$ cat work_8.cif   # mmCIF, C-alpha atoms (C1' of nucleotides)
data_my_file
#
loop_
_atom_site.label_atom_id
_atom_site.label_comp_id
_atom_site.auth_asym_id
_atom_site.auth_seq_id
_atom_site.Cartn_x
_atom_site.Cartn_y
_atom_site.Cartn_z
CA MET D 1 72.03 -27.38 -58.06
CA SER D 2 73.47 -25.20 -55.47
CA ASP D 3 74.15 -26.95 -52.23
CA ALA D 4 73.22 -24.09 -50.03
CA VAL D 5 69.69 -22.90 -49.98
CA THR D 6 70.76 -20.88 -47.06
CA GLY D 7 73.43 -18.29 -47.24
CA TRP D 8 74.08 -15.75 -49.89
CA THR D 9 74.59 -17.15 -53.32
CA ASP D 10 76.27 -15.06 -55.95
CA GLU D 11 72.95 -14.42 -57.57
CA ARG D 12 71.29 -13.28 -54.41
CA VAL D 13 74.19 -11.03 -53.55
CA GLU D 14 74.05 -9.62 -57.01
CA LEU D 15 70.37 -8.89 -56.75
CA LEU D 16 70.92 -7.43 -53.35
CA GLY D 17 73.52 -5.05 -54.66
CA LYS D 18 71.38 -4.12 -57.57
CA LEU D 19 68.27 -3.39 -55.59
CA TRP D 20 70.21 -1.63 -52.88
CA SER D 21 71.85 0.65 -55.39
CA GLU D 22 68.46 1.32 -56.86
CA GLY D 23 67.39 2.68 -53.56
CA LEU D 24 65.05 -0.02 -52.40
CA SER D 25 64.70 -0.36 -48.68
CA ALA D 26 66.12 -3.34 -46.87
CA SER D 27 62.67 -4.72 -46.15
CA GLN D 28 61.66 -4.44 -49.77
CA ILE D 29 64.78 -6.23 -50.83
CA ALA D 30 64.12 -8.92 -48.27
CA ALA D 31 60.68 -9.42 -49.75
CA ALA D 32 62.11 -9.45 -53.24
CA LEU D 33 64.48 -12.19 -52.24
CA GLY D 34 61.56 -14.41 -51.49
CA GLY D 35 60.94 -13.55 -47.92
CA GLY D 36 63.40 -16.15 -46.75
CA VAL D 37 65.44 -13.39 -45.28
CA THR D 38 64.59 -10.56 -43.00
CA ARG D 39 65.46 -6.97 -43.49
CA ASN D 40 68.03 -7.38 -40.77
CA ALA D 41 69.74 -10.03 -42.78
CA VAL D 42 69.77 -7.75 -45.76
CA ILE D 43 71.17 -4.86 -43.81
CA GLY D 44 73.76 -7.04 -42.22
CA LYS D 45 74.87 -8.29 -45.59
CA VAL D 46 74.92 -4.84 -47.04
CA HIS D 47 77.27 -3.73 -44.34
CA ARG D 48 79.47 -6.73 -44.64
CA LEU D 49 79.75 -6.08 -48.33
CA GLY D 50 80.81 -2.58 -47.51
CA LEU D 51 78.17 -0.85 -49.57
CA SER D 52 76.26 0.57 -46.69
CA GLY D 53 77.26 4.16 -47.25
CA ARG D 54 74.98 5.67 -49.76
CA THR D 55 76.49 7.69 -52.58
CA LYS D 56 75.37 11.05 -51.31
CA GLY D 57 77.23 10.71 -48.07
CA SER D 58 78.93 13.90 -47.15
CA GLN D 59 79.13 13.59 -43.43
CA PRO D 60 80.01 10.47 -41.53
CA PRO D 61 77.13 9.36 -39.35
CA ALA D 62 77.70 10.50 -35.85
CA PRO D 63 79.33 7.67 -33.95
CA ARG D 64 76.65 6.12 -31.89
CA ALA D 65 77.51 5.06 -28.43
CA ALA D 66 77.75 1.35 -28.11
CA LYS D 67 74.97 -0.24 -26.18
CA PRO D 68 75.25 -3.16 -23.79
CA ARG D 69 72.44 -5.02 -25.44
CA ALA D 70 71.48 -8.53 -24.38
CA PRO D 71 72.48 -9.05 -20.79
CA SER D 72 73.24 -12.64 -21.70
CA ALA D 73 70.50 -15.19 -21.83
CA PRO D 74 70.33 -17.38 -18.76
CA GLY D 75 67.85 -19.82 -20.10
CA PRO D 76 68.99 -22.73 -22.25
CA VAL D 77 65.64 -22.45 -23.85
CA GLN D 78 65.78 -22.44 -27.58
CA GLU D 79 63.60 -19.90 -29.20
CA LEU D 80 61.45 -21.16 -31.98
CA ARG D 81 60.70 -19.16 -35.02
CA PRO D 82 57.17 -17.91 -35.50
CA ARG D 83 57.24 -19.90 -38.68
CA THR D 84 55.35 -23.02 -39.32
CA PRO D 85 57.36 -26.15 -38.58
CA GLU D 86 56.76 -27.16 -42.11
CA ALA D 87 58.08 -24.07 -43.74
CA PRO D 88 58.35 -24.16 -47.50
CA PRO D 89 62.10 -23.83 -47.87
CA PRO D 90 63.53 -23.14 -51.28
CA GLU D 91 60.53 -22.54 -53.43
CA PRO D 92 59.89 -18.82 -53.74
CA ALA D 93 57.55 -17.47 -56.33
CA SER D 94 58.17 -19.93 -59.10
CA ALA D 95 56.51 -22.84 -57.38
CA THR D 96 53.97 -20.66 -55.75
CA VAL D 97 50.63 -20.23 -57.31
CA LEU D 98 49.04 -16.90 -57.15
CA VAL D 99 45.45 -17.08 -56.19
CA LEU D 100 43.59 -13.99 -57.06
CA PRO D 101 41.20 -12.56 -54.56
CA PRO D 102 37.89 -14.32 -54.50
CA ALA D 103 35.38 -13.25 -57.04
CA ALA D 104 32.79 -15.11 -55.12
CA VAL D 105 34.25 -18.06 -53.33
CA VAL D 106 36.79 -17.90 -50.57
CA PRO D 107 38.96 -20.97 -50.11
CA ALA D 108 38.62 -21.20 -46.38
CA ALA D 109 40.36 -20.22 -43.20
CA GLU D 110 39.32 -16.71 -43.89
CA PRO D 111 40.20 -14.74 -40.83
CA ALA D 112 37.25 -12.94 -39.43
CA ILE D 113 37.55 -9.32 -40.36
CA PRO D 114 35.04 -7.11 -38.64
CA VAL D 115 33.13 -5.09 -41.15
CA SER D 116 33.89 -2.07 -39.07
CA GLU D 117 37.56 -2.64 -39.72
CA ARG D 118 37.21 -2.53 -43.43
CA ILE D 119 38.63 0.42 -45.25
CA SER D 120 37.59 2.14 -48.42
CA ILE D 121 39.53 2.19 -51.63
CA MET D 122 40.57 5.70 -50.89
CA GLU D 123 42.17 4.63 -47.69
CA LEU D 124 44.43 2.09 -49.30
CA ARG D 125 48.07 2.76 -48.76
CA GLU D 126 51.21 0.97 -49.78
CA THR D 127 51.16 -0.90 -46.53
CA THR D 128 47.49 -1.71 -46.23
CA CYS D 129 46.12 -5.09 -47.16
CA ARG D 130 44.21 -4.89 -50.40
CA TRP D 131 42.20 -8.01 -49.88
CA PRO D 132 38.65 -7.27 -50.95
CA LEU D 133 35.83 -8.09 -48.61
CA GLY D 134 32.17 -8.16 -49.28
CA ASP D 135 30.16 -7.50 -52.36
CA PRO D 136 31.75 -4.84 -54.57
CA THR D 137 28.30 -3.64 -55.55
CA SER D 138 27.24 -3.39 -51.99
CA ALA D 139 27.80 -0.59 -49.57
CA ASP D 140 29.54 -2.87 -47.14
CA PHE D 141 32.33 -3.56 -49.58
CA GLY D 142 35.77 -2.74 -48.40
CA PHE D 143 39.30 -3.91 -48.06
CA CYS D 144 40.96 -5.75 -45.26
CA GLY D 145 43.08 -2.77 -44.42
CA GLY D 146 45.42 -4.69 -42.16
CA ARG D 147 49.10 -4.04 -42.33
CA SER D 148 50.38 -5.72 -45.44
CA VAL D 149 53.56 -7.65 -45.57
CA THR D 150 56.14 -5.20 -46.79
CA GLY D 151 56.47 -5.49 -50.50
CA LEU D 152 53.29 -7.47 -50.87
CA PRO D 153 49.70 -6.39 -51.35
CA TYR D 154 48.20 -8.42 -48.55
CA CYS D 155 48.53 -8.90 -44.86
CA GLU D 156 50.13 -12.06 -43.60
CA ALA D 157 46.86 -13.91 -43.20
CA HIS D 158 45.68 -13.09 -46.68
CA CYS D 159 49.08 -13.80 -48.12
CA ARG D 160 48.66 -17.35 -46.91
CA ILE D 161 45.50 -17.56 -48.92
CA ALA D 162 46.78 -15.76 -51.94
CA TYR D 163 50.13 -17.43 -52.22
CA GLN D 164 49.91 -21.15 -51.84
CA PRO D 165 52.36 -23.84 -52.79
CA ALA D 166 51.13 -25.62 -55.89
CA ALA D 167 50.88 -28.94 -54.10
CA GLU D 168 48.85 -27.56 -51.27
CA ARG D 169 46.55 -25.80 -53.62
CA LYS D 170 45.98 -28.91 -55.61
CA ARG D 171 45.07 -30.69 -52.43
CA LEU D 172 42.59 -28.04 -51.42
CA ARG D 173 41.09 -28.20 -54.83
CA ALA D 174 39.73 -31.64 -54.17
"C1'" DC Q 175 51.90 4.19 -35.35
"C1'" DC Q 176 54.41 3.15 -39.30
"C1'" DC Q 177 58.85 2.95 -41.17
"C1'" DT Q 178 64.17 3.55 -42.06
"C1'" DG Q 179 69.26 2.09 -41.57
"C1'" DA Q 180 73.13 1.15 -37.91
"C1'" DT Q 181 75.23 -1.51 -34.60
"C1'" DT Q 182 76.53 -5.20 -31.50
"C1'" DC Q 183 77.34 -9.74 -30.52
"C1'" DG Q 184 76.02 -14.79 -29.87
"C1'" DC Q 185 75.99 -18.27 -32.80
"C1'" DG P 186 79.90 -14.99 -42.01
"C1'" DC P 187 75.32 -14.61 -40.54
"C1'" DG P 188 71.31 -12.28 -38.66
"C1'" DA P 189 68.24 -11.36 -34.32
"C1'" DA P 190 67.91 -8.01 -31.13
"C1'" DT P 191 68.43 -3.64 -30.28
"C1'" DC P 192 69.12 1.19 -30.91
"C1'" DA P 193 68.32 5.72 -32.92
"C1'" DG P 194 65.92 8.41 -35.74
"C1'" DG P 195 62.09 10.18 -39.44
#

$ encode --input "work_8.cif" --output "structure tokens"
Amino acid sequence: MSDAVTGWTDERVELLGKLWSEGLSASQIAAALGGGVTRNAVIGKVHRLGLSGRTKGSQPPAPRAAKPRAPSAPGPVQELRPRTPEAPPPEPASATVLVLPPAAVVPAAEPAIPVSERISIMELRETTCRWPLGDPTSADFGFCGGRSVTGLPYCEAHCRIAYQPAAERKRLRA
DNA sequence: CCCTGATTCGC
DNA sequence: GCGAATCAGG
């Protein structure tokens, strides 16, 4: 087993290069890598690898003036990630069970989505949550319509419902 | 508003 | 080396 769950393994770098060359965006690649990395991480790596310049480059990007950025943080306060303290570390999709949208029963913790916020099937975009709400045969049927996690069909809240660790799901099953 | 990549810099 | 924060732009 690889010792580092963190960091870029050869395989991940390889996939990164592959997807990048295929023209996928950094955020899409980040999602493809299991979401453990952000698009910033992907971009940073891409640059470090030296494959930032796309093939069609004819003119060097105008040198952007350096910016002073962070004025230096005075507070010793450590920032916590918006992640859950018990973040599922190494298990990406393989150990994750896909739960299809409810045909009738919703697990629980369903975020309240105002009916007025629902969108029609025609309004679905690549970045809109496709979580179905309501009775498909009814007029009030619609989709969540929230902003989906890039690369995934659902918003963050519905992703939590749709993609659950096998263990957790088994527990809920009881 | 959504998104894109680019860059700097603290770690 | 890594990636968050930020910038600049579409």

$ atom_distance --input "work_8.cif" --atom1 "CA of Cys159 (chain D)" --atom2 "CA of Thr128 (chain D)"
12.3 Å

$ interface_residues --input "work_8.cif" --of "chain P" --to "chain D" --cutoff "8 Å" --atoms "all atoms listed in the file" --output "ChimeraX atom specification"
/P:187-192

$ resolve_selection --input "work_8.cif" --expression "the PyMOL selection byres ((chain Q) within 8 of (chain D))" --output "short mmCIF file (atom, residue, chain, number, x, y, z; two decimals) with C-alpha atoms (C1' of nucleotides), keeping the file's coordinate frame"
data_model
loop_
_atom_site.label_atom_id
_atom_site.label_comp_id
_atom_site.auth_asym_id
_atom_site.auth_seq_id
_atom_site.Cartn_x
_atom_site.Cartn_y
_atom_site.Cartn_z
"C1'" DT Q 178 64.17 3.55 -42.06
"C1'" DG Q 179 69.26 2.09 -41.57
"C1'" DT Q 181 75.23 -1.51 -34.60
"C1'" DT Q 182 76.53 -5.20 -31.50
#

$ atom_distance --input "work_8.cif" --atom1 "CA of Glu126 (chain D)" --atom2 "CA of Ala31 (chain D)"
14.1 Å

$ axis_aligned_box --input "work_8.cif" --around "chain Q" --padding-each-side "6 Å" --output "JSON"
{"center_x": 64.6, "center_y": -7.0, "center_z": -36.0, "size_x": 37.4, "size_y": 34.5, "size_z": 24.2}

$ decode --input "work_8.cif" --residues "chain P" --atoms "N, CA, C and O atoms (P, O5', C5', C4', C3', O3' and C1' of nucleotides)" --output "CSV table (one decimal), in the first residue's frame"
chain,number,residue,atom,x,y,z
P,186,DG,P,10.1,20.9,-6.2
P,186,DG,O5',8.9,20.3,-5.4
P,186,DG,C5',8.9,19.0,-4.9
P,186,DG,C4',7.7,18.7,-4.0
P,186,DG,C3',6.4,19.0,-4.8
P,186,DG,O3',5.5,18.0,-4.3
P,186,DG,C1',6.6,20.5,-3.0
P,187,DC,P,4.1,17.9,-5.0
P,187,DC,O5',3.1,18.8,-4.1
P,187,DC,C5',2.9,18.4,-2.8
P,187,DC,C4',2.1,19.5,-2.0
P,187,DC,C3',0.9,19.9,-2.8
P,187,DC,O3',-0.3,19.4,-2.1
P,187,DC,C1',2.1,21.8,-1.8
P,188,DG,P,-1.7,19.4,-2.8
P,188,DG,O5',-2.3,20.8,-2.4
P,188,DG,C5',-2.5,21.1,-1.1
P,188,DG,C4',-2.9,22.6,-0.9
P,188,DG,C3',-4.0,23.1,-1.8
P,188,DG,O3',-4.8,24.1,-1.1
P,188,DG,C1',-2.2,24.4,-2.2
P,189,DA,P,-6.3,23.9,-0.9
P,189,DA,O5',-6.6,25.2,-0.1
P,189,DA,C5',-6.0,25.4,1.2
P,189,DA,C4',-5.8,26.9,1.4
P,189,DA,C3',-7.0,27.8,1.1
P,189,DA,O3',-7.2,28.8,2.1
P,189,DA,C1',-5.2,28.4,-0.3
P,190,DA,P,-8.3,29.8,2.0
P,190,DA,O5',-7.6,31.0,1.3
P,190,DA,C5',-6.5,31.6,1.9
P,190,DA,C4',-6.0,32.7,1.0
P,190,DA,C3',-7.1,33.7,0.5
P,190,DA,O3',-6.6,35.0,0.8
P,190,DA,C1',-5.9,32.9,-1.3
P,191,DT,P,-7.6,36.2,0.6
P,191,DT,O5',-7.3,36.7,-0.9
P,191,DT,C5',-5.9,37.1,-1.2
P,191,DT,C4',-5.7,37.1,-2.7
P,191,DT,C3',-6.6,37.9,-3.5
P,191,DT,O3',-6.0,39.2,-3.7
P,191,DT,C1',-6.0,35.9,-4.6
P,192,DC,P,-6.8,40.3,-4.4
P,192,DC,O5',-6.4,40.1,-5.9
P,192,DC,C5',-5.0,40.0,-6.3
P,192,DC,C4',-4.9,39.5,-7.7
P,192,DC,C3',-5.7,40.3,-8.7
P,192,DC,O3',-4.8,40.9,-9.7
P,192,DC,C1',-6.0,38.0,-9.1
P,193,DA,P,-5.3,42.1,-10.5
P,193,DA,O5',-5.8,41.4,-11.9
P,193,DA,C5',-4.9,40.6,-12.6
P,193,DA,C4',-5.5,39.9,-13.7
P,193,DA,C3',-6.6,40.7,-14.4
P,193,DA,O3',-6.4,40.6,-15.8
P,193,DA,C1',-7.5,38.7,-13.8
P,194,DG,P,-7.1,41.7,-16.7
P,194,DG,O5',-8.1,40.7,-17.5
P,194,DG,C5',-7.6,39.6,-18.2
P,194,DG,C4',-8.7,38.5,-18.3
P,194,DG,C3',-9.9,39.0,-19.1
P,194,DG,O3',-9.8,38.3,-20.3
P,194,DG,C1',-10.4,37.6,-17.2
P,195,DG,P,-11.0,38.7,-21.4
P,195,DG,O5',-12.0,37.5,-21.3
P,195,DG,C5',-11.5,36.1,-21.5
P,195,DG,C4',-12.7,35.2,-21.5
P,195,DG,C3',-13.9,35.7,-22.3
P,195,DG,O3',-14.5,34.6,-23.0
P,195,DG,C1',-14.6,35.2,-20.1
